Amino acid sequence: MTKTLLTTLLFFMSIIAFSQVKGTITDINNKPLPSVNIYIENTFTGTTTNEAGNYVLNITSTGDYRIVFQYLGYKTLKKNISIDQLPYTLDVQLVEEEISLNEVVINSDENPADKIIRQAIEHRKENLEKINSYKADFYSRGLIRIKDAPEKILGQEIGDLGGGLDSTRSGIIYLSETISKIEFLRPDKLKEKITASKVAGDDSGFSFNTAVDVDYNFYENTIELGSQMISPIANNAFGYYRYKLEGVFYDDKGHLINKIKVTPRRENDPVYSGFIYIVEDQWTIYALELEMTGIQARIPAADFIQIQQDFSFSESAGVWAKISQTIDFKYGIFGIKGDGRFTYVYSNYVFNTPLTKKDFGREILSFADEANKKDSLYWKTIRPVPLTSEEINDYVKKDSIQIVRESKTYKDSVDAVNNKFKFGDLLGGYNYSNTYKEYSWGISSPLTTLTFNTVQGWNADVGGYYRKNYDKFKRYLSIGGSVNYGFNDDRLRGTVGATYKFNNTSRAYLSVSGGVTTAQFNASEPISRPINTSFSLFAEENFMKLYDRSFAQVSYAEELFNGFRLSSTLSYNRRKALFNTTDQAWYPQDDRDYTSNNPLDATAYGVAPFETHNIVKLDVNASIRFGQDYFSYPDGKFNIPDDDYPTLYVGYEKGFAASNSDYNFDQVKLRVAQGFSIKDKGRFNYNLKAGKFFGADDIAFMDYHHFNGNQTHFGTGTYLDVFNNLPYYALSTNDAYVELHTEHDFNGFLLGKLPLINKLNFNLIVGAHALATPDTKPYQEYTVGIDNIGWGKFRFLRVDYVRSYMGGFVNDAWVFGIKFF
């Protein structure tokens, strides 16, 4: 017998030995039943079965008990037991529920399901508000499998994913559990303290399973699960669903339960299909079994997601409370496919506690001391849902593998293989890692950075980096640099920099850098080097305008307190003009030539837009995220933005000690940005900027405020910071300015309702963009676009029609965009 097999058997036997009340639940054909709810009658002390139908009920003392077994589609079973010795074994079989249709209901003039749903909708808000507050225990387990994993993804080796893959390249890639205490206060206060956390193969890791992330309440009109999904009992649910009464039955307390089939009216809307169970007269949710596709949830990688919730009635509190929730899913993309299940158990409720808003702060998740150091004995006694044999094997295998894989010998052997130089490194660059000592370095290949511009001609970079991690990535030191050579201007330039990260809580960074480089006049770099190369060589359009910058600078950034982050940069700069050195073009145009490198005058060849000068610049910026919540992990702080509040950015920029005093200036800046969902109507985003220069009448052009333009008809990234029909430097200003970008993504709300078109699963996006400065007429752009264009799960394309106005119609254009998830 191998050591691993022996360890597995001992582990399994120890689980049995420490169980209190345990057993297996099957149907009358001895088929195991997963997700059966088991609890002590008139309490919320309970558990659920695992995928093998096994359960463990945490009863710590002998005596008489009445145990309830509840499972959708089966008759609720109650067993009276007398326990004189623990552990106690109780196996049961459940019989399918006799679901029937009442003759009176069948003969009703109106669809009986519609009548029930109307009542549920009418009482939705009342039922939502019945539980004002509670405290409860929470257990979660997450499992993700992969099947037939490829050797490489996008050319990158993926290995065996931490020991999760077997010889068929299938297996569990994530297995984790948590035990928590949760507290809730209506309408939306929920906090969690994780008292125990376990991750397979990582004895110092912390689970990412949380109650906060899976607080799905179907009494709300929408549930955020990828998209804003429409509840089957939302106020507007009849616009999205059809209903059919499948039958009725009585639960163990004599409540009449209506089983209603839910069917989408349009398959690509953000909706569910499946069953919802409504309690007659109370019009509350008894249970639900709902499924959504990845298209409906706007999660491209998902094939489908199933969610099941079960509730139990508390006679003392007079409320139906959720006692279990399971989420099953199947996924597949880029040759990767698999499935998984997340199981959640809610128990030991205390309802309508004296909690107040003062009991809740911005910290919504925290960990108890040593939460990830609980030994196997602790887990054996407290885990409410027993492990399956597959999960047991995964824990044992990965915990054993971890000991080996943390050794210097193993890490060095893996590095020796990965660090071998390969022919492909000539194109992609070479990287070297010392995993045991936690450092790496690498050199990039100039072949991947070869580009063209009219100032340097063909040019390429050779870069290098070194990174050393400390305290498991809480801190690190990163040093990097690059050398660039322009073949036409015959100039070698280079930069070097270093960054040190101090911690993973306030995320304080100190950076120093310096060197000589070519820089765009707009520091936001509105045109990329590859796109400029294409337009220059193929269309003789040299949109990129460059100047020579020699600099030395130091930067520091840190979150001083929750939601408030401060950053500052002090730099010394020597700046001089550059000029075109080549007119090379693969397809010269008869109607145009390359423009000059002077952004102020396209015909000013050889004329500098500014004089060579030195200047010192100070840039101080603060960001304030109102309403920011956060997770406190022992190894760091993770911020959770609140869509209900905007983020405010305030900045001050000063140029001083310039060799030409006319180039000194001051600028104050303000920006407000926010994005929020409007229920099922889509998502609205805005980005408002404003600023004012002082003493800046004759400053150098690169210090102006430049509005991000676009003359290529190709868009990338967000459109909330760009004017897609504005020349790059047409309206740059050294005075006051206001800039506004808004966009609304209907997320299928409109196009999803149009016959035939809704089959395409396109999204309609409308936008408005505007700017104003004192010396020009206000400029506006209005856009209408189609997003989510593609096939199957690959929907990366977007097309927009843009019309621009400036005291009247100016121009229109089509913009073709590409995006990734």
# chains A, B, ... in the order shown; residues from 1 in each chain; ligands from 1
call {"tool": "residues_around", "arguments": {"residues": "Ile83 (chain A)", "least_positions_apart": "2", "cutoff": "9 Å", "atoms": "only C-alpha atoms", "output": "MDAnalysis selection string"}}
result
chainID A and resid 61:65 81 85:88
call {"tool": "write_last_selection", "arguments": {"atoms": "C-alpha atoms", "output": "PDB file, in the first residue's frame"}}
result
ATOM      1  CA  SER A  61     -24.760  15.806  23.013  1.00  0.00           C
ATOM      2  CA  THR A  62     -26.936  12.736  23.454  1.00  0.00           C
ATOM      3  CA  GLY A  63     -30.715  12.929  23.784  1.00  0.00           C
ATOM      4  CA  ASP A  64     -33.915  12.880  21.757  1.00  0.00           C
ATOM      5  CA  TYR A  65     -34.052  14.724  18.448  1.00  0.00           C
ATOM      6  CA  ILE A  81     -34.114   9.490  17.100  1.00  0.00           C
ATOM      7  CA  GLN A  85     -23.816   7.396  21.996  1.00  0.00           C
ATOM      8  CA  LEU A  86     -22.009   9.440  19.385  1.00  0.00           C
ATOM      9  CA  PRO A  87     -21.295   9.136  16.505  1.00  0.00           C
ATOM     10  CA  TYR A  88     -24.780   8.083  15.410  1.00  0.00           C
TER      11      TYR A  88
END
call {"tool": "residues_around", "arguments": {"residues": "region 223-230 of chain A", "least_positions_apart": "5", "cutoff": "8 Å", "atoms": "only C-alpha atoms", "output": "MDAnalysis selection string"}}
result
chainID A and resid 216:218 237 240 270:272 296:299 677 679:680
call {"tool": "write_last_selection", "arguments": {"atoms": "C-alpha atoms", "output": "PDB file, in the first residue's frame"}}
result
ATOM      1  CA  TYR A 216     -28.285  36.546  -3.992  1.00  0.00           C
ATOM      2  CA  ASN A 217     -31.745  37.714  -2.951  1.00  0.00           C
ATOM      3  CA  PHE A 218     -34.509  36.952  -5.448  1.00  0.00           C
ATOM      4  CA  ALA A 237     -41.080  40.010 -14.634  1.00  0.00           C
ATOM      5  CA  TYR A 240     -39.411  38.689 -19.481  1.00  0.00           C
ATOM      6  CA  PRO A 270     -30.600  38.438 -18.724  1.00  0.00           C
ATOM      7  CA  VAL A 271     -33.086  35.899 -17.373  1.00  0.00           C
ATOM      8  CA  TYR A 272     -33.360  32.407 -15.895  1.00  0.00           C
ATOM      9  CA  GLN A 296     -27.686  35.493 -20.563  1.00  0.00           C
ATOM     10  CA  ALA A 297     -25.279  36.256 -17.712  1.00  0.00           C
ATOM     11  CA  ARG A 298     -22.839  38.072 -20.042  1.00  0.00           C
ATOM     12  CA  ILE A 299     -20.072  35.694 -18.909  1.00  0.00           C
ATOM     13  CA  SER A 677     -26.293  49.736 -13.444  1.00  0.00           C
ATOM     14  CA  LYS A 679     -31.475  47.608 -13.113  1.00  0.00           C
ATOM     15  CA  ASP A 680     -32.361  45.789 -16.359  1.00  0.00           C
TER      16      ASP A 680
END
call {"tool": "residues_around", "arguments": {"residues": "region 804-818 of chain A", "least_positions_apart": "3", "cutoff": "9 Å", "atoms": "only C-alpha atoms", "output": "list in words"}}
result
Thr712, His713, Phe714, Gly715, Thr716, Gly717, Asn724, Asn725, Leu726, Thr776, Lys777, Pro778, Tyr779, Gln780, Glu781, Tyr782, Thr783, Gly785, Asp787, Phe796, Leu797, Arg798, Val799, Asp800 and Tyr801 of chain A
call {"tool": "residues_around", "arguments": {"residues": "region 749-759 of chain A", "least_positions_apart": "2", "cutoff": "7 Å", "atoms": "only C-alpha atoms", "output": "list in words"}}
result
Asn268, Asp269, Asp680, Lys681, Gly682, Phe746, Asn747, Asn761, Phe762, Asn763 and Leu764 of chain A
call {"tool": "residues_around", "arguments": {"residues": "Val36 (chain A)", "least_positions_apart": "5", "cutoff": "10 Å", "atoms": "only C-alpha atoms", "output": "JSON, numbers by chain"}}
result
{"A": [25, 26, 47, 48, 49, 50, 51, 53, 54, 55, 69, 70, 71, 72, 74, 94, 310, 324]}
call {"tool": "closest_residue", "arguments": {"among": "A:His255, A:Arg341, A:Arg574, A:Arg475", "to": "Ser659 (chain A)", "atoms": "only C-alpha atoms"}}
result
A:Arg574
call {"tool": "residues_around", "arguments": {"residues": "Tyr250 (chain A)", "least_positions_apart": "6", "cutoff": "12 Å", "atoms": "only C-alpha atoms", "output": "list in words"}}
result
Leu72, Gly73, Tyr74, Lys75, Thr76, Glu97, Glu98, Ile99, Ser100, Leu256, Ile257, Asn258, Lys259, Tyr277, Ile278, Val279, Glu280 and Tyr286 of chain A
call {"tool": "closest_atom_pairs", "arguments": {"of": "region 321-431 of chain A", "to": "region 171-178 of chain A", "cutoff": "12 Å", "atoms": "only C-alpha atoms", "output": "CSV"}}
result
residue,atom,partner,partner_atom,distance
A:Lys337,CA,A:Gly171,CA,11.2
A:Gly338,CA,A:Gly171,CA,9.0
A:Asp339,CA,A:Ile172,CA,9.5
A:Gly340,CA,A:Ile172,CA,8.9
A:Arg341,CA,A:Leu175,CA,9.9
A:Phe342,CA,A:Ser176,CA,9.5
A:Thr343,CA,A:Glu177,CA,9.4
A:Tyr344,CA,A:Thr178,CA,9.6
A:Val345,CA,A:Thr178,CA,10.6
A:Phe367,CA,A:Thr178,CA,10.3
A:Ala368,CA,A:Thr178,CA,11.5
A:Ala371,CA,A:Thr178,CA,9.1
A:Asn372,CA,A:Thr178,CA,9.3
A:Lys374,CA,A:Thr178,CA,10.9
A:Trp379,CA,A:Glu177,CA,9.6
A:Ile382,CA,A:Thr178,CA,10.6
A:Arg383,CA,A:Glu177,CA,8.9
A:Pro384,CA,A:Glu177,CA,10.8
A:Val385,CA,A:Glu177,CA,10.3
A:Pro386,CA,A:Glu177,CA,11.4
A:Leu387,CA,A:Glu177,CA,10.5
A:Thr388,CA,A:Leu175,CA,11.7
A:Glu390,CA,A:Ile172,CA,8.7
A:Glu391,CA,A:Leu175,CA,7.6
A:Ile392,CA,A:Leu175,CA,10.2
A:Asn393,CA,A:Ile172,CA,10.1
A:Asp394,CA,A:Ile172,CA,7.1
A:Tyr395,CA,A:Leu175,CA,8.0
A:Val396,CA,A:Leu175,CA,11.7
A:Lys397,CA,A:Ile172,CA,10.9
A:Lys398,CA,A:Ile172,CA,10.0
A:Asp399,CA,A:Leu175,CA,11.7
call {"tool": "select_by_dssp", "arguments": {"residues": "region 537-676 of chain A", "states": "strand (DSSP E or B)", "output": "ChimeraX atom specification"}}
result
/A:546-561,564-577,613-625,629-633,636-640,647-656,665-676
call {"tool": "atom_distance", "arguments": {"atom1": "CA of Lys408 (chain A)", "atom2": "CA of Asp471 (chain A)"}}
result
16.8 Å
call {"tool": "atom_distance", "arguments": {"atom1": "CA of Ser732 (chain A)", "atom2": "CA of Phe701 (chain A)"}}
result
8.6 Å
call {"tool": "atom_distance", "arguments": {"atom1": "CA of Glu41 (chain A)", "atom2": "CA of Arg66 (chain A)"}}
result
5.7 Å
call {"tool": "closest_residue", "arguments": {"among": "A:Lys253, A:Lys125, A:Lys330, A:Lys135", "to": "Phe304 (chain A)", "atoms": "only C-alpha atoms"}}
result
A:Lys330
call {"tool": "select_by_dssp", "arguments": {"residues": "region 192-426 of chain A", "states": "helix (DSSP H, G or I)", "output": "PDB file with C-alpha atoms, in the first residue's frame"}}
result
ATOM      1  CA  VAL A 212     -20.631  38.759   0.654  1.00  0.00           C
ATOM      2  CA  ASP A 213     -20.061  37.705  -2.947  1.00  0.00           C
ATOM      3  CA  VAL A 214     -22.984  35.245  -3.089  1.00  0.00           C
ATOM      4  CA  ALA A 237     -41.080  40.010 -14.634  1.00  0.00           C
ATOM      5  CA  PHE A 238     -44.057  39.431 -16.959  1.00  0.00           C
ATOM      6  CA  GLY A 239     -42.153  41.299 -19.652  1.00  0.00           C
ATOM      7  CA  GLY A 294     -23.247  32.365 -20.229  1.00  0.00           C
ATOM      8  CA  ILE A 295     -24.861  34.527 -22.910  1.00  0.00           C
ATOM      9  CA  GLN A 296     -27.686  35.493 -20.563  1.00  0.00           C
ATOM     10  CA  ALA A 297     -25.279  36.256 -17.712  1.00  0.00           C
ATOM     11  CA  LYS A 357     -25.594  50.987  11.390  1.00  0.00           C
ATOM     12  CA  LYS A 358     -22.907  51.737  13.976  1.00  0.00           C
ATOM     13  CA  ASP A 359     -22.107  48.023  14.047  1.00  0.00           C
ATOM     14  CA  ALA A 371      -7.858  31.265  10.445  1.00  0.00           C
ATOM     15  CA  ASN A 372      -5.773  29.378   7.909  1.00  0.00           C
ATOM     16  CA  LYS A 373      -3.897  27.359  10.550  1.00  0.00           C
ATOM     17  CA  SER A 376      -7.476  18.517  10.490  1.00  0.00           C
ATOM     18  CA  LEU A 377      -9.105  17.764  13.854  1.00  0.00           C
ATOM     19  CA  TYR A 378     -10.840  21.133  13.813  1.00  0.00           C
ATOM     20  CA  TRP A 379     -12.170  20.621  10.298  1.00  0.00           C
ATOM     21  CA  LYS A 380     -13.316  17.083  11.047  1.00  0.00           C
ATOM     22  CA  THR A 381     -15.469  18.280  13.919  1.00  0.00           C
ATOM     23  CA  ILE A 382     -16.933  21.454  12.381  1.00  0.00           C
ATOM     24  CA  SER A 389     -13.879  10.740  -1.923  1.00  0.00           C
ATOM     25  CA  GLU A 390     -12.730  12.920  -4.830  1.00  0.00           C
ATOM     26  CA  GLU A 391     -12.266  15.890  -2.498  1.00  0.00           C
ATOM     27  CA  ILE A 392     -10.521  13.790   0.131  1.00  0.00           C
ATOM     28  CA  ASN A 393      -8.063  12.526  -2.459  1.00  0.00           C
ATOM     29  CA  ASP A 394      -7.453  16.050  -3.727  1.00  0.00           C
ATOM     30  CA  TYR A 395      -6.680  17.409  -0.247  1.00  0.00           C
ATOM     31  CA  VAL A 396      -4.354  14.526   0.538  1.00  0.00           C
ATOM     32  CA  LYS A 397      -2.577  14.615  -2.819  1.00  0.00           C
ATOM     33  CA  LYS A 398      -2.070  18.366  -2.932  1.00  0.00           C
ATOM     34  CA  ASP A 399      -1.057  18.661   0.707  1.00  0.00           C
ATOM     35  CA  SER A 400       1.528  15.952   0.097  1.00  0.00           C
ATOM     36  CA  ILE A 401       2.649  17.556  -3.153  1.00  0.00           C
ATOM     37  CA  GLN A 402       2.980  20.912  -1.450  1.00  0.00           C
ATOM     38  CA  ILE A 403       5.652  19.603   0.894  1.00  0.00           C
ATOM     39  CA  VAL A 404       7.647  18.388  -2.074  1.00  0.00           C
ATOM     40  CA  ARG A 405       7.026  21.427  -4.246  1.00  0.00           C
ATOM     41  CA  LYS A 408      14.548  23.839  -2.894  1.00  0.00           C
ATOM     42  CA  THR A 409      15.390  20.676  -4.799  1.00  0.00           C
ATOM     43  CA  TYR A 410      12.039  20.532  -6.565  1.00  0.00           C
ATOM     44  CA  LYS A 411      11.884  24.248  -7.379  1.00  0.00           C
ATOM     45  CA  ASP A 412      15.411  24.206  -8.734  1.00  0.00           C
ATOM     46  CA  SER A 413      14.601  21.224 -10.941  1.00  0.00           C
ATOM     47  CA  VAL A 414      11.525  22.913 -12.390  1.00  0.00           C
ATOM     48  CA  ASP A 415      13.459  26.139 -12.946  1.00  0.00           C
ATOM     49  CA  ALA A 416      16.213  24.235 -14.709  1.00  0.00           C
ATOM     50  CA  VAL A 417      13.689  23.064 -17.298  1.00  0.00           C
ATOM     51  CA  ASN A 418      11.861  26.376 -17.674  1.00  0.00           C
ATOM     52  CA  ASP A 425      13.086  33.204 -27.097  1.00  0.00           C
ATOM     53  CA  LEU A 426      14.775  34.943 -30.013  1.00  0.00           C
TER      54      LEU A 426
END
call {"tool": "decode", "arguments": {"residues": "region 605-733 of chain A", "atoms": "C-alpha atoms", "output": "PDB file, in the first residue's frame"}}
result
ATOM      1  CA  TYR A 605       8.809  71.497 -41.608  1.00  0.00           C
ATOM      2  CA  GLY A 606      12.009  72.164 -39.666  1.00  0.00           C
ATOM      3  CA  VAL A 607      10.271  74.666 -37.386  1.00  0.00           C
ATOM      4  CA  ALA A 608      10.400  73.866 -33.663  1.00  0.00           C
ATOM      5  CA  PRO A 609       7.116  74.166 -31.744  1.00  0.00           C
ATOM      6  CA  PHE A 610       9.069  75.197 -28.623  1.00  0.00           C
ATOM      7  CA  GLU A 611      12.610  76.115 -27.677  1.00  0.00           C
ATOM      8  CA  THR A 612      14.959  73.702 -25.946  1.00  0.00           C
ATOM      9  CA  HIS A 613      14.644  74.157 -22.202  1.00  0.00           C
ATOM     10  CA  ASN A 614      14.936  72.667 -18.741  1.00  0.00           C
ATOM     11  CA  ILE A 615      12.046  72.566 -16.266  1.00  0.00           C
ATOM     12  CA  VAL A 616      11.186  71.008 -12.913  1.00  0.00           C
ATOM     13  CA  LYS A 617       7.665  69.619 -12.546  1.00  0.00           C
ATOM     14  CA  LEU A 618       5.683  68.663  -9.475  1.00  0.00           C
ATOM     15  CA  ASP A 619       2.481  66.661  -9.900  1.00  0.00           C
ATOM     16  CA  VAL A 620       0.325  65.865  -6.840  1.00  0.00           C
ATOM     17  CA  ASN A 621      -2.899  63.884  -7.191  1.00  0.00           C
ATOM     18  CA  ALA A 622      -5.465  62.521  -4.774  1.00  0.00           C
ATOM     19  CA  SER A 623      -8.286  60.096  -5.457  1.00  0.00           C
ATOM     20  CA  ILE A 624     -11.271  59.754  -3.158  1.00  0.00           C
ATOM     21  CA  ARG A 625     -13.503  56.705  -3.546  1.00  0.00           C
ATOM     22  CA  PHE A 626     -16.640  57.537  -1.655  1.00  0.00           C
ATOM     23  CA  GLY A 627     -18.379  54.561  -0.092  1.00  0.00           C
ATOM     24  CA  GLN A 628     -15.447  52.220  -0.661  1.00  0.00           C
ATOM     25  CA  ASP A 629     -15.752  48.923   1.205  1.00  0.00           C
ATOM     26  CA  TYR A 630     -12.869  46.531   1.590  1.00  0.00           C
ATOM     27  CA  PHE A 631     -11.853  42.975   2.379  1.00  0.00           C
ATOM     28  CA  SER A 632      -9.178  42.568   5.061  1.00  0.00           C
ATOM     29  CA  TYR A 633      -7.115  39.504   4.217  1.00  0.00           C
ATOM     30  CA  PRO A 634      -4.187  38.701   6.490  1.00  0.00           C
ATOM     31  CA  ASP A 635      -1.883  39.210   3.527  1.00  0.00           C
ATOM     32  CA  GLY A 636      -3.460  42.406   2.237  1.00  0.00           C
ATOM     33  CA  LYS A 637      -6.351  44.805   1.809  1.00  0.00           C
ATOM     34  CA  PHE A 638      -8.621  44.516  -1.220  1.00  0.00           C
ATOM     35  CA  ASN A 639     -10.797  47.485  -2.069  1.00  0.00           C
ATOM     36  CA  ILE A 640     -14.386  47.102  -3.278  1.00  0.00           C
ATOM     37  CA  PRO A 641     -15.676  50.196  -5.116  1.00  0.00           C
ATOM     38  CA  ASP A 642     -19.299  51.166  -4.544  1.00  0.00           C
ATOM     39  CA  ASP A 643     -21.247  51.954  -7.705  1.00  0.00           C
ATOM     40  CA  ASP A 644     -23.611  54.129  -5.681  1.00  0.00           C
ATOM     41  CA  TYR A 645     -20.942  56.798  -5.267  1.00  0.00           C
ATOM     42  CA  PRO A 646     -18.598  58.579  -7.690  1.00  0.00           C
ATOM     43  CA  THR A 647     -14.828  58.659  -7.455  1.00  0.00           C
ATOM     44  CA  LEU A 648     -13.301  62.129  -7.119  1.00  0.00           C
ATOM     45  CA  TYR A 649      -9.835  62.977  -8.415  1.00  0.00           C
ATOM     46  CA  VAL A 650      -8.119  66.232  -7.439  1.00  0.00           C
ATOM     47  CA  GLY A 651      -4.751  67.283  -8.808  1.00  0.00           C
ATOM     48  CA  TYR A 652      -2.214  70.086  -8.758  1.00  0.00           C
ATOM     49  CA  GLU A 653       0.587  70.418 -11.304  1.00  0.00           C
ATOM     50  CA  LYS A 654       3.381  72.965 -11.171  1.00  0.00           C
ATOM     51  CA  GLY A 655       6.172  73.709 -13.623  1.00  0.00           C
ATOM     52  CA  PHE A 656       8.963  75.806 -12.134  1.00  0.00           C
ATOM     53  CA  ALA A 657      12.668  76.647 -12.345  1.00  0.00           C
ATOM     54  CA  ALA A 658      12.413  76.585 -16.142  1.00  0.00           C
ATOM     55  CA  SER A 659      15.393  77.872 -18.126  1.00  0.00           C
ATOM     56  CA  ASN A 660      12.787  79.996 -19.941  1.00  0.00           C
ATOM     57  CA  SER A 661      10.621  81.587 -17.266  1.00  0.00           C
ATOM     58  CA  ASP A 662       7.701  81.812 -19.697  1.00  0.00           C
ATOM     59  CA  TYR A 663       7.420  78.049 -19.410  1.00  0.00           C
ATOM     60  CA  ASN A 664       6.635  78.088 -15.670  1.00  0.00           C
ATOM     61  CA  PHE A 665       2.975  77.424 -14.855  1.00  0.00           C
ATOM     62  CA  ASP A 666       0.425  76.118 -12.352  1.00  0.00           C
ATOM     63  CA  GLN A 667      -2.608  73.955 -13.045  1.00  0.00           C
ATOM     64  CA  VAL A 668      -5.420  72.632 -10.850  1.00  0.00           C
ATOM     65  CA  LYS A 669      -7.388  69.599 -12.038  1.00  0.00           C
ATOM     66  CA  LEU A 670     -10.635  67.928 -11.061  1.00  0.00           C
ATOM     67  CA  ARG A 671     -12.239  64.735 -12.299  1.00  0.00           C
ATOM     68  CA  VAL A 672     -15.399  62.885 -11.282  1.00  0.00           C
ATOM     69  CA  ALA A 673     -16.143  59.408 -12.648  1.00  0.00           C
ATOM     70  CA  GLN A 674     -18.795  56.809 -11.969  1.00  0.00           C
ATOM     71  CA  GLY A 675     -20.434  53.772 -13.491  1.00  0.00           C
ATOM     72  CA  PHE A 676     -23.645  52.171 -12.288  1.00  0.00           C
ATOM     73  CA  SER A 677     -26.293  49.736 -13.444  1.00  0.00           C
ATOM     74  CA  ILE A 678     -29.855  50.916 -13.992  1.00  0.00           C
ATOM     75  CA  LYS A 679     -31.475  47.608 -13.113  1.00  0.00           C
ATOM     76  CA  ASP A 680     -32.361  45.789 -16.359  1.00  0.00           C
ATOM     77  CA  LYS A 681     -31.897  48.939 -18.471  1.00  0.00           C
ATOM     78  CA  GLY A 682     -28.130  48.545 -18.806  1.00  0.00           C
ATOM     79  CA  ARG A 683     -25.135  50.401 -17.412  1.00  0.00           C
ATOM     80  CA  PHE A 684     -24.410  54.128 -17.463  1.00  0.00           C
ATOM     81  CA  ASN A 685     -20.906  55.630 -17.165  1.00  0.00           C
ATOM     82  CA  TYR A 686     -19.671  59.183 -17.059  1.00  0.00           C
ATOM     83  CA  ASN A 687     -16.296  60.875 -16.807  1.00  0.00           C
ATOM     84  CA  LEU A 688     -16.218  64.621 -16.079  1.00  0.00           C
ATOM     85  CA  LYS A 689     -12.976  66.617 -16.157  1.00  0.00           C
ATOM     86  CA  ALA A 690     -12.237  70.263 -15.482  1.00  0.00           C
ATOM     87  CA  GLY A 691      -9.104  72.304 -14.970  1.00  0.00           C
ATOM     88  CA  LYS A 692      -7.575  75.756 -14.943  1.00  0.00           C
ATOM     89  CA  PHE A 693      -4.058  76.989 -15.799  1.00  0.00           C
ATOM     90  CA  PHE A 694      -2.435  79.984 -14.090  1.00  0.00           C
ATOM     91  CA  GLY A 695       0.490  81.984 -15.456  1.00  0.00           C
ATOM     92  CA  ALA A 696       0.567  79.756 -18.508  1.00  0.00           C
ATOM     93  CA  ASP A 697       0.201  82.134 -21.452  1.00  0.00           C
ATOM     94  CA  ASP A 698       3.418  81.064 -23.177  1.00  0.00           C
ATOM     95  CA  ILE A 699       4.119  77.590 -21.816  1.00  0.00           C
ATOM     96  CA  ALA A 700       5.598  74.777 -23.888  1.00  0.00           C
ATOM     97  CA  PHE A 701       3.035  72.870 -25.936  1.00  0.00           C
ATOM     98  CA  MET A 702       3.554  69.497 -24.199  1.00  0.00           C
ATOM     99  CA  ASP A 703       2.342  71.102 -20.926  1.00  0.00           C
ATOM    100  CA  TYR A 704      -1.043  72.076 -22.409  1.00  0.00           C
ATOM    101  CA  HIS A 705      -4.124  70.068 -21.558  1.00  0.00           C
ATOM    102  CA  HIS A 706      -4.630  67.793 -24.562  1.00  0.00           C
ATOM    103  CA  PHE A 707      -7.963  66.171 -25.344  1.00  0.00           C
ATOM    104  CA  ASN A 708      -7.536  62.585 -26.472  1.00  0.00           C
ATOM    105  CA  GLY A 709      -8.472  62.536 -30.129  1.00  0.00           C
ATOM    106  CA  ASN A 710      -8.631  59.817 -32.749  1.00  0.00           C
ATOM    107  CA  GLN A 711      -7.996  60.129 -36.484  1.00  0.00           C
ATOM    108  CA  THR A 712      -7.550  56.440 -37.284  1.00  0.00           C
ATOM    109  CA  HIS A 713     -11.170  55.197 -37.149  1.00  0.00           C
ATOM    110  CA  PHE A 714      -9.960  52.395 -34.886  1.00  0.00           C
ATOM    111  CA  GLY A 715     -10.833  52.316 -31.214  1.00  0.00           C
ATOM    112  CA  THR A 716      -9.369  50.381 -28.327  1.00  0.00           C
ATOM    113  CA  GLY A 717     -10.200  50.180 -24.653  1.00  0.00           C
ATOM    114  CA  THR A 718     -12.724  52.490 -23.067  1.00  0.00           C
ATOM    115  CA  TYR A 719     -14.378  55.316 -25.003  1.00  0.00           C
ATOM    116  CA  LEU A 720     -14.919  57.313 -21.812  1.00  0.00           C
ATOM    117  CA  ASP A 721     -11.734  59.331 -22.282  1.00  0.00           C
ATOM    118  CA  VAL A 722     -11.572  59.932 -26.014  1.00  0.00           C
ATOM    119  CA  PHE A 723     -13.151  61.992 -28.785  1.00  0.00           C
ATOM    120  CA  ASN A 724     -13.250  59.546 -31.671  1.00  0.00           C
ATOM    121  CA  ASN A 725     -13.691  62.192 -34.384  1.00  0.00           C
ATOM    122  CA  LEU A 726     -11.359  64.918 -33.109  1.00  0.00           C
ATOM    123  CA  PRO A 727      -7.845  65.611 -34.497  1.00  0.00           C
ATOM    124  CA  TYR A 728      -5.247  64.853 -31.840  1.00  0.00           C
ATOM    125  CA  TYR A 729      -4.105  68.397 -31.044  1.00  0.00           C
ATOM    126  CA  ALA A 730      -6.893  70.535 -32.567  1.00  0.00           C
ATOM    127  CA  LEU A 731      -8.312  72.004 -29.345  1.00  0.00           C
ATOM    128  CA  SER A 732      -5.430  71.699 -26.850  1.00  0.00           C
ATOM    129  CA  THR A 733      -5.534  74.505 -24.302  1.00  0.00           C
TER     130      THR A 733
END
